[in-house]
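J.: Pasting work21.txt below, which is compact mmCIF, C-alpha atoms and all ligand atoms.
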# COMPACT_ATOMS: atom_id res chain seq x y z
CA MET A 1 29.12 28.59 -14.83
CA ALA A 2 31.56 27.37 -17.50
CA ARG A 3 34.54 29.66 -17.88
CA LYS A 4 34.47 32.05 -20.82
CA ALA A 5 37.45 33.46 -22.75
CA PHE A 6 38.58 35.50 -25.71
CA LEU A 7 40.29 33.55 -28.48
CA ILE A 8 42.51 36.00 -30.36
CA ASP A 9 44.01 34.73 -33.62
CA MET A 10 46.60 37.34 -34.54
CA SER A 11 47.19 35.74 -37.95
CA ARG A 12 43.76 37.05 -38.98
CA CYS A 13 44.22 40.65 -37.83
CA ILE A 14 44.35 43.37 -40.49
CA ALA A 15 45.04 46.16 -37.99
CA CYS A 16 41.88 48.07 -38.87
CA ARG A 17 41.54 48.99 -35.17
CA SER A 18 37.77 48.68 -35.17
CA CYS A 19 38.26 46.95 -31.81
CA GLN A 20 39.91 50.05 -30.33
CA VAL A 21 37.17 52.33 -31.62
CA ALA A 22 34.27 50.05 -30.59
CA CYS A 23 35.66 49.77 -27.08
CA LYS A 24 36.03 53.53 -26.73
CA GLN A 25 32.51 54.06 -28.03
CA TRP A 26 30.84 51.44 -25.80
CA ASN A 27 32.73 52.48 -22.67
CA LYS A 28 32.40 56.22 -23.40
CA LEU A 29 36.17 56.68 -23.22
CA GLU A 30 37.46 60.15 -24.03
CA PRO A 31 39.41 60.87 -27.23
CA GLU A 32 43.09 61.60 -26.66
CA ALA A 33 45.54 63.89 -28.43
CA THR A 34 48.29 61.86 -30.11
CA VAL A 35 51.36 62.65 -32.20
CA ASN A 36 52.40 61.29 -35.59
CA ARG A 37 55.38 59.05 -34.84
CA GLY A 38 55.73 57.81 -38.41
CA THR A 39 53.70 54.67 -37.73
CA TYR A 40 50.08 53.61 -37.95
CA GLU A 41 50.27 52.42 -34.35
CA ASN A 42 48.30 54.96 -32.39
CA PRO A 43 48.31 55.49 -29.42
CA PRO A 44 51.56 53.63 -28.70
CA GLN A 45 50.24 51.80 -25.64
CA LEU A 46 47.23 51.22 -23.40
CA THR A 47 46.01 54.34 -21.64
CA PRO A 48 43.25 55.09 -19.11
CA GLN A 49 41.10 55.88 -22.17
CA LEU A 50 42.15 52.86 -24.26
CA TYR A 51 41.38 49.33 -23.01
CA ASN A 52 42.70 47.44 -26.03
CA GLN A 53 45.39 48.45 -28.45
CA ILE A 54 46.81 47.14 -31.71
CA GLN A 55 50.60 47.03 -31.67
CA PHE A 56 52.46 47.14 -34.97
CA ILE A 57 55.55 44.92 -34.93
CA GLU A 58 57.77 45.55 -37.94
CA GLN A 59 60.43 42.94 -38.70
CA ASP A 60 63.20 42.45 -41.23
CA LYS A 61 62.94 38.76 -42.05
CA ASP A 62 65.02 37.26 -44.90
CA ASN A 63 65.44 40.74 -46.40
CA GLU A 64 61.71 41.25 -46.43
CA VAL A 65 59.70 43.49 -44.19
CA ARG A 66 57.15 41.60 -42.13
CA TRP A 67 54.38 43.22 -40.13
CA LEU A 68 52.84 41.40 -37.21
CA PHE A 69 49.97 42.78 -35.18
CA MET A 70 49.21 42.25 -31.53
CA ASN A 71 46.00 43.04 -29.68
CA GLN A 72 47.12 44.13 -26.23
CA ARG A 73 44.54 43.97 -23.44
CA CYS A 74 43.92 42.57 -19.98
CA MET A 75 44.53 38.80 -20.05
CA HIS A 76 41.83 38.05 -17.45
CA CYS A 77 44.22 35.70 -15.64
CA GLY A 78 42.85 32.73 -13.72
CA ASP A 79 45.49 33.49 -11.08
CA ALA A 80 45.44 37.30 -11.27
CA GLY A 81 48.35 39.20 -9.71
CA CYS A 82 46.26 42.37 -9.65
CA ILE A 83 43.61 40.73 -7.45
CA LYS A 84 46.23 39.03 -5.30
CA VAL A 85 48.05 42.21 -4.38
CA CYS A 86 45.04 44.51 -4.00
CA PRO A 87 44.43 45.33 -0.32
CA SER A 88 40.84 46.50 -0.92
CA ALA A 89 38.49 43.52 -1.25
CA GLY A 90 36.24 43.79 -4.29
CA ALA A 91 38.17 46.54 -6.09
CA LEU A 92 39.33 43.87 -8.59
CA TYR A 93 37.45 40.60 -8.81
CA HIS A 94 36.55 37.60 -10.96
CA THR A 95 33.12 37.70 -12.60
CA PRO A 96 31.04 34.48 -12.75
CA GLU A 97 32.35 34.04 -16.32
CA GLY A 98 35.97 34.09 -15.04
CA MET A 99 36.81 37.56 -16.33
CA VAL A 100 38.64 40.13 -14.16
CA ALA A 101 36.56 43.25 -13.60
CA PHE A 102 36.97 46.24 -11.27
CA ASN A 103 34.88 48.44 -9.00
CA GLN A 104 36.23 51.98 -8.83
CA ASP A 105 34.14 52.72 -5.71
CA LYS A 106 36.33 50.23 -3.83
CA CYS A 107 39.67 51.28 -5.38
CA ILE A 108 41.79 53.04 -2.74
CA GLU A 109 44.28 54.47 -5.29
CA CYS A 110 47.26 52.53 -3.89
CA HIS A 111 48.34 51.44 -7.43
CA TYR A 112 49.69 48.10 -6.14
CA CYS A 113 47.92 46.24 -8.95
CA VAL A 114 50.29 47.83 -11.48
CA ASN A 115 53.17 45.96 -9.82
CA GLY A 116 51.17 42.76 -9.50
CA CYS A 117 50.35 42.47 -13.21
CA PRO A 118 52.80 40.46 -15.36
CA PHE A 119 51.44 42.14 -18.51
CA ASP A 120 51.64 45.84 -17.58
CA VAL A 121 47.91 46.34 -18.01
CA PRO A 122 46.25 48.40 -15.23
CA ARG A 123 46.06 52.14 -15.78
CA TYR A 124 44.71 55.00 -13.65
CA ASP A 125 42.24 57.63 -14.71
CA GLN A 126 42.00 61.28 -13.70
CA LYS A 127 40.45 60.22 -10.39
CA LYS A 128 43.55 58.00 -9.85
CA LYS A 129 41.24 54.96 -9.88
CA VAL A 130 42.10 51.66 -11.60
CA THR A 131 40.83 51.17 -15.14
CA LYS A 132 41.32 48.46 -17.77
CA CYS A 133 39.37 46.03 -19.97
CA HIS A 134 36.53 44.51 -17.94
CA ALA A 135 35.44 42.14 -20.74
CA CYS A 136 32.32 44.23 -21.32
CA MET A 137 30.75 42.59 -18.28
CA ASP A 138 27.62 44.67 -18.78
CA ARG A 139 27.22 43.20 -22.28
CA ILE A 140 28.14 39.57 -21.59
CA ALA A 141 25.85 39.47 -18.52
CA ASN A 142 23.05 40.23 -21.01
CA GLY A 143 24.12 37.63 -23.56
CA LEU A 144 25.86 40.10 -25.89
CA ALA A 145 29.36 39.75 -27.32
CA PRO A 146 31.99 42.21 -26.06
CA ALA A 147 31.97 45.38 -28.18
CA CYS A 148 35.45 44.74 -29.64
CA VAL A 149 34.49 41.20 -30.67
CA LYS A 150 31.28 42.42 -32.26
CA ALA A 151 33.20 45.04 -34.28
CA CYS A 152 36.06 42.83 -35.51
CA PRO A 153 35.48 42.18 -39.25
CA THR A 154 37.94 39.27 -39.54
CA GLN A 155 37.01 37.13 -36.52
CA THR A 156 40.44 37.76 -35.07
CA LEU A 157 38.56 38.31 -31.82
CA ARG A 158 36.12 35.71 -30.60
CA PHE A 159 34.47 35.21 -27.24
CA GLY A 160 32.75 32.16 -25.79
CA ASP A 161 33.18 28.92 -23.89
CA ARG A 162 36.89 28.69 -23.05
CA ASP A 163 37.25 24.92 -23.42
CA ALA A 164 35.40 24.85 -26.73
CA LEU A 165 37.45 27.70 -28.22
CA ILE A 166 40.73 26.10 -27.14
CA ALA A 167 39.69 22.71 -28.54
CA GLU A 168 38.88 24.39 -31.83
CA ALA A 169 42.22 26.21 -31.91
CA LYS A 170 44.12 23.01 -31.12
CA ALA A 171 42.31 21.11 -33.85
CA SER A 172 43.63 23.67 -36.34
CA GLY A 173 47.21 22.77 -35.29
CA LYS A 174 48.07 26.40 -34.45
CA LYS A 175 50.32 27.61 -31.61
CA ILE A 176 48.36 28.65 -28.54
CA TYR A 177 49.46 31.09 -25.84
CA GLY A 178 47.84 31.27 -22.41
CA GLU A 179 46.16 27.88 -22.13
CA GLU A 180 47.85 26.87 -18.87
CA ASP A 181 49.78 29.93 -17.64
CA LEU A 182 48.50 31.59 -14.45
CA LYS A 183 45.75 28.98 -14.12
CA GLY A 184 44.79 29.75 -17.69
CA LEU A 185 44.38 33.17 -19.26
CA GLY A 186 40.96 34.50 -20.17
CA ALA A 187 42.55 35.91 -23.34
CA VAL A 188 44.05 32.97 -25.22
CA TYR A 189 46.11 33.82 -28.29
CA ILE A 190 46.98 32.09 -31.53
CA LEU A 191 50.43 33.39 -32.48
CA GLU A 192 52.48 33.01 -35.63
CA ASP A 193 55.81 33.40 -33.85
CA ALA A 194 57.38 33.13 -30.38
CA PRO A 195 55.58 35.07 -27.63
CA GLU A 196 58.61 37.37 -27.18
CA THR A 197 58.17 38.54 -30.80
CA TYR A 198 54.79 39.89 -29.70
CA GLN A 199 56.33 41.39 -26.54
CA LEU A 200 54.63 38.74 -24.41
CA PRO A 201 56.51 36.96 -21.61
CA ALA A 202 57.23 33.34 -22.62
CA LYS A 203 56.41 32.17 -19.10
CA PRO A 204 54.26 34.82 -17.42
CA ALA A 205 54.45 34.81 -13.63
CA ILE A 206 53.29 37.03 -10.81
CA PRO A 207 56.29 39.03 -9.49
CA ALA A 208 57.82 37.37 -6.39
CA SER A 209 57.68 40.69 -4.50
CA ILE A 210 53.88 40.29 -4.45
CA PHE A 211 54.20 37.17 -2.32
CA LEU A 212 56.56 39.02 0.03
CA TRP A 213 53.86 41.67 0.44
CA LYS A 214 50.90 39.33 0.56
CA ASP A 215 52.31 36.42 2.55
CA VAL A 216 54.90 38.05 4.82
CA ILE A 217 54.70 41.83 5.22
CA LYS A 218 50.91 42.18 5.25
CA PRO A 219 50.28 39.33 7.78
CA LEU A 220 53.12 40.69 9.95
CA GLY A 221 51.52 44.13 9.79
CA ILE A 222 48.16 42.67 10.83
CA LEU A 223 49.88 40.65 13.60
CA GLY A 224 51.66 43.82 14.76
CA PHE A 225 48.36 45.73 14.81
CA TRP A 226 46.52 43.11 16.87
CA GLY A 227 49.59 42.70 19.12
CA ALA A 228 49.50 46.43 19.88
CA MET A 229 45.73 46.26 20.48
CA GLY A 230 46.21 43.32 22.87
CA ALA A 231 48.97 45.14 24.76
CA ALA A 232 46.78 48.26 25.07
CA LEU A 233 43.88 46.18 26.40
CA LEU A 234 46.14 44.42 28.90
CA HIS A 235 47.45 47.78 30.07
CA TYR A 236 43.92 49.15 30.45
CA VAL A 237 42.79 46.12 32.49
CA THR A 238 45.91 46.21 34.67
CA PHE A 239 46.34 49.95 35.29
CA GLY A 240 42.98 51.47 34.40
CA PRO A 241 42.29 54.31 31.94
CA LYS A 242 44.85 57.02 31.20
CA LYS A 243 44.04 60.41 32.70
CA LEU A 244 44.19 63.83 31.10
CA ASP A 245 45.96 66.70 32.81
CA GLU A 246 44.65 70.28 32.75
CA PHE A 247 46.16 70.81 29.27
CA GLY A 248 44.51 67.74 27.86
CA ARG A 249 47.80 65.80 27.76
CA ARG A 250 47.62 62.10 28.52
CA HIS A 251 49.74 60.61 31.28
CA ASP A 252 49.71 57.54 33.44
CA ASP A 253 50.06 58.29 37.15
CA ASP A 254 50.87 54.72 38.03
CA LEU A 255 53.72 54.44 35.53
CA ASN A 256 55.15 57.98 35.66
CA HIS A 257 54.78 58.35 39.41
CA PRO A 258 54.90 54.82 40.81
CA GLU A 259 55.35 56.23 44.32
CA LYS A 260 51.70 57.53 44.19
CA GLY A 261 50.37 54.04 43.84
CA ALA A 262 52.57 52.74 46.68
S1 LIG B 1 46.50 40.84 -17.11
FE1 LIG B 1 47.08 42.04 -15.33
S2 LIG B 1 45.30 43.33 -14.93
FE2 LIG B 1 44.61 41.66 -16.28
S3 LIG B 1 43.87 40.05 -14.86
FE3 LIG B 1 46.03 39.57 -15.31
S4 LIG B 1 47.12 40.56 -13.61
FE4 LIG B 1 45.09 41.48 -13.67
S1 LIG B 2 35.97 43.45 -23.96
FE1 LIG B 2 34.93 45.42 -23.84
S2 LIG B 2 36.15 46.58 -22.36
FE2 LIG B 2 37.43 44.87 -23.06
S3 LIG B 2 38.59 45.67 -24.80
FE3 LIG B 2 36.75 44.68 -25.65
S4 LIG B 2 35.30 46.37 -25.83
FE4 LIG B 2 36.89 47.07 -24.44
S1 LIG B 3 39.03 44.79 -35.21
FE1 LIG B 3 39.88 42.75 -35.52
S2 LIG B 3 41.01 42.91 -37.46
FE2 LIG B 3 40.60 44.98 -36.80
S3 LIG B 3 42.44 45.54 -35.61
FE3 LIG B 3 40.97 44.75 -34.14
S4 LIG B 3 41.49 42.60 -33.95
FE4 LIG B 3 42.48 43.33 -35.83
What's the structure tokens form of this structure?

T.:
Amino acid sequence: MARKAFLIDMSRCIACRSCQVACKQWNKLEPEATVNRGTYENPPQLTPQLYNQIQFIEQDKDNEVRWLFMNQRCMHCGDAGCIKVCPSAGALYHTPEGMVAFNQDKCIECHYCVNGCPFDVPRYDQKKKVTKCHACMDRIANGLAPACVKACPTQTLRFGDRDALIAEAKASGKKIYGEEDLKGLGAVYILEDAPETYQLPAKPAIPASIFLWKDVIKPLGILGFWGAMGAALLHYVTFGPKKLDEFGRRHDDDLNHPEKGA
């Protein structure tokens, strides 16, 4: 199946936050108490009950105030740090469309995916299970647009064939973010300024510590486990089963009292 993606043109966003509301409604996410911080940005970041969020970036440029908006969400990375670090197979996974979804039944609450994500996306709900944007996989599997895309009145958010959307964006001569990074993001942005202005990493990368865990510590742990199993089996074959004394304690006559075996 051809890879799908969001194309998010932040120059079109009017910060109406219909996307936030539509997502909460479709995914039955609970309302949250918030405080007035003197800004329209609300809540201030993603939460377990908010899968996409409009950030308000206020700038003083040439003595004029400039507002930029940023739709923060899971980037649906082609090379996803969250999937790479997760020790429970299937808790986070790529859908046939190339989006990154999750299965809470398989989440073991280790929270490693938080450290594996270069974009600070995964959150945990009251059950301590992973939660984030799943690209409305229930809708797209049935040929429907994601709820946030459907609700956006300015076509800031679009969803479709990744190659076709990128080709269209390139033809417009606009700056694109996420085309190649991490084997291509599933949320490709059109930005009016440098990525850092939108609090995006210029060169997103999976933290190196993940590779230490995945490629060194975890295999060593597995090697250690099977090494111990092999040693136990060898001991069993060589000396026979351990015996229990009258108190149920385990001891090995042959090792503790070698003279008995003589
Ligand atoms: S943005 Fe983070 S949570 Fe989303 S796919 Fe990439 S690594 Fe995973
Ligand atoms: S794609 Fe669906 S789950 Fe993701 S932010 Fe949009 S509405 Fe929410
Ligand atoms: S619905 Fe569209 S225009 Fe409104 S805040 Fe979201 S992305 Fe921006």

J.: Using only C-alpha atoms and all ligand atoms, find each residue of chain A with at least one atom at most 12 Å away from an atom of ligand LIG 3 (chain B); report its shortest atom-to-atom pair and that distance in Å (one decimal), sort the rows by chain and rising residue number, and return the result as a Markdown table.

T.:
| residue | atom | partner | partner_atom | distance |
| --- | --- | --- | --- | --- |
| A:Phe6 | CA | B:LIG3 | S4 | 11.3 |
| A:Leu7 | CA | B:LIG3 | S4 | 10.6 |
| A:Ile8 | CA | B:LIG3 | S4 | 7.6 |
| A:Asp9 | CA | B:LIG3 | S4 | 8.3 |
| A:Met10 | CA | B:LIG3 | S4 | 7.4 |
| A:Ser11 | CA | B:LIG3 | FE4 | 9.2 |
| A:Arg12 | CA | B:LIG3 | S2 | 6.6 |
| A:Cys13 | CA | B:LIG3 | FE4 | 3.8 |
| A:Ile14 | CA | B:LIG3 | S2 | 4.5 |
| A:Ala15 | CA | B:LIG3 | S3 | 3.6 |
| A:Cys16 | CA | B:LIG3 | FE2 | 3.9 |
| A:Arg17 | CA | B:LIG3 | S3 | 3.6 |
| A:Ser18 | CA | B:LIG3 | S1 | 4.1 |
| A:Cys19 | CA | B:LIG3 | S1 | 4.1 |
| A:Gln20 | CA | B:LIG3 | FE3 | 6.6 |
| A:Val21 | CA | B:LIG3 | S1 | 8.6 |
| A:Ala22 | CA | B:LIG3 | S1 | 8.5 |
| A:Cys23 | CA | B:LIG3 | S1 | 10.1 |
| A:Tyr40 | CA | B:LIG3 | S3 | 11.4 |
| A:Glu41 | CA | B:LIG3 | S3 | 10.5 |
| A:Asn42 | CA | B:LIG3 | S3 | 11.6 |
| A:Asn52 | CA | B:LIG3 | FE3 | 8.7 |
| A:Gln53 | CA | B:LIG3 | FE3 | 8.1 |
| A:Ile54 | CA | B:LIG3 | S3 | 6.1 |
| A:Gln55 | CA | B:LIG3 | S3 | 9.2 |
| A:Phe56 | CA | B:LIG3 | S3 | 10.2 |
| A:Leu68 | CA | B:LIG3 | FE4 | 10.6 |
| A:Phe69 | CA | B:LIG3 | FE4 | 7.5 |
| A:Met70 | CA | B:LIG3 | FE4 | 8.1 |
| A:Asn71 | CA | B:LIG3 | S4 | 6.2 |
| A:Gln72 | CA | B:LIG3 | S4 | 9.7 |
| A:Arg73 | CA | B:LIG3 | S4 | 11.0 |
| A:Pro146 | CA | B:LIG3 | S1 | 11.8 |
| A:Ala147 | CA | B:LIG3 | S1 | 10.0 |
| A:Cys148 | CA | B:LIG3 | S1 | 6.6 |
| A:Val149 | CA | B:LIG3 | S1 | 7.4 |
| A:Lys150 | CA | B:LIG3 | S1 | 8.6 |
| A:Ala151 | CA | B:LIG3 | S1 | 5.9 |
| A:Cys152 | CA | B:LIG3 | S1 | 3.6 |
| A:Pro153 | CA | B:LIG3 | FE1 | 5.8 |
| A:Thr154 | CA | B:LIG3 | S2 | 5.2 |
| A:Gln155 | CA | B:LIG3 | FE1 | 6.4 |
| A:Thr156 | CA | B:LIG3 | FE1 | 5.0 |
| A:Leu157 | CA | B:LIG3 | S4 | 5.6 |
| A:Arg158 | CA | B:LIG3 | S4 | 9.4 |
| A:Tyr189 | CA | B:LIG3 | S4 | 11.4 |

J.: Need the shell around Gly143 of chain A: protein/DNA/RNA residues with any atom at most 12 Å away, counting all atoms listed in the file. Skip same-chain ones fewer than 5 positions apart. Format as a PyMOL selection string?

T.: chain A and resi 97+136-138+159-160

J.: Please indicate the distance in Å from atom CA of Gly98 of chain A to atom CA of Ser172 of chain A, rounded to one decimal place.

T.: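 Computed distance, atom CA of Gly98 of chain A to atom CA of Ser172 of chain A, equals 24.9 Å.
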
J.: Can you tell me which residues sit at most 9 Å away from ligand LIG 1 (chain B), counting only C-alpha atoms and all ligand atoms, written as a PyMOL selection string?

T.: chain A and resi 73-84+92-94+99-101+113-123+132-134+182+185-187+206

J.: Of the candidates A:Cys86, A:Leu212, A:Ala167, A:Val188, which one gets nearest to Ala5 of chain A if we count all atoms listed in the file?

T.: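 Checking each of A:Cys86, A:Leu212, A:Ala167, A:Val188 against Ala5 of chain A, counting all atoms listed in the file, the winner is A:Val188.
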
J.: A:Glu192, A:Glu180, A:Phe102, A:Asp163: which is nearest Arg66 of chain A, counting only C-alpha atoms?

T.: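 So, comparing all the options, the nearest one is A:Glu192.
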
J.: Draw an axis-aligned box tight on the listed atoms of ligand LIG 2 (chain B), then pad every side by 4 Å and write out centre and edge lengths in Å to one decimal as lines of an AutoDock Vina configuration file.

T.:
center_x = 36.8
center_y = 45.3
center_z = -24.1
size_x = 11.7
size_y = 11.6
size_z = 11.5

J.: One decimal, Å: what's the distance from atom CA of Ile108 of chain A over to atom CA of Pro48 of chain A, could you say?

T.: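 Answer for the atom CA of Ile108 of chain A to atom CA of Pro48 of chain A separation: 16.6 Å.
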
J.: To one decimal in Å, tell me the separation between atom CA of Leu46 of chain A and atom CA of Lys175 of chain A.

T.: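 Going from atom CA of Leu46 of chain A over to atom CA of Lys175 of chain A, I get 25.2 Å.
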
J.: Have a look at A:Lys127, A:Lys61, A:Arg162, A:Lys24 and name the one nearest to Gln49 of chain A; count all atoms listed in the file.

T.: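 With all atoms listed in the file as the atom set, the closest residue is A:Lys24.
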
J.: Please provide the set of residues having any atom within 7 Å of Trp67 of chain A, restricted to all atoms listed in the file, with same-chain residues fewer than 5 positions apart removed, written as a list in words.

T.: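 Contacts, with the query itself left out: Phe56, Ile57, Glu58 and Gln59 of chain A.
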
J.: Kindly indicate which residue among A:Thr34, A:Asn142, A:Thr131, A:Asn63 lies nearest to ligand LIG 2 (chain B), using all atoms listed in the file for the distances.

T.: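 Closest candidate: A:Thr131.
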
J.: Give as a ChimeraX atom specification the set of residues within 10 Å of the point (33.1, 52.1, -8.7), where distances use the file's coordinates and all atoms listed in the file.

T.: /A:90-91,102-107,129-130

J.: Write out, as a CSV table (one decimal), in the frame of the given file, the residues just selected, with C-alpha atoms.

T.:
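And here is the file that came out, result_15.csv:
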chain,number,residue,atom,x,y,z
A,90,GLY,CA,36.2,43.8,-4.3
A,91,ALA,CA,38.2,46.5,-6.1
A,102,PHE,CA,37.0,46.2,-11.3
A,103,ASN,CA,34.9,48.4,-9.0
A,104,GLN,CA,36.2,52.0,-8.8
A,105,ASP,CA,34.1,52.7,-5.7
A,106,LYS,CA,36.3,50.2,-3.8
A,107,CYS,CA,39.7,51.3,-5.4
A,129,LYS,CA,41.2,55.0,-9.9
A,130,VAL,CA,42.1,51.7,-11.6
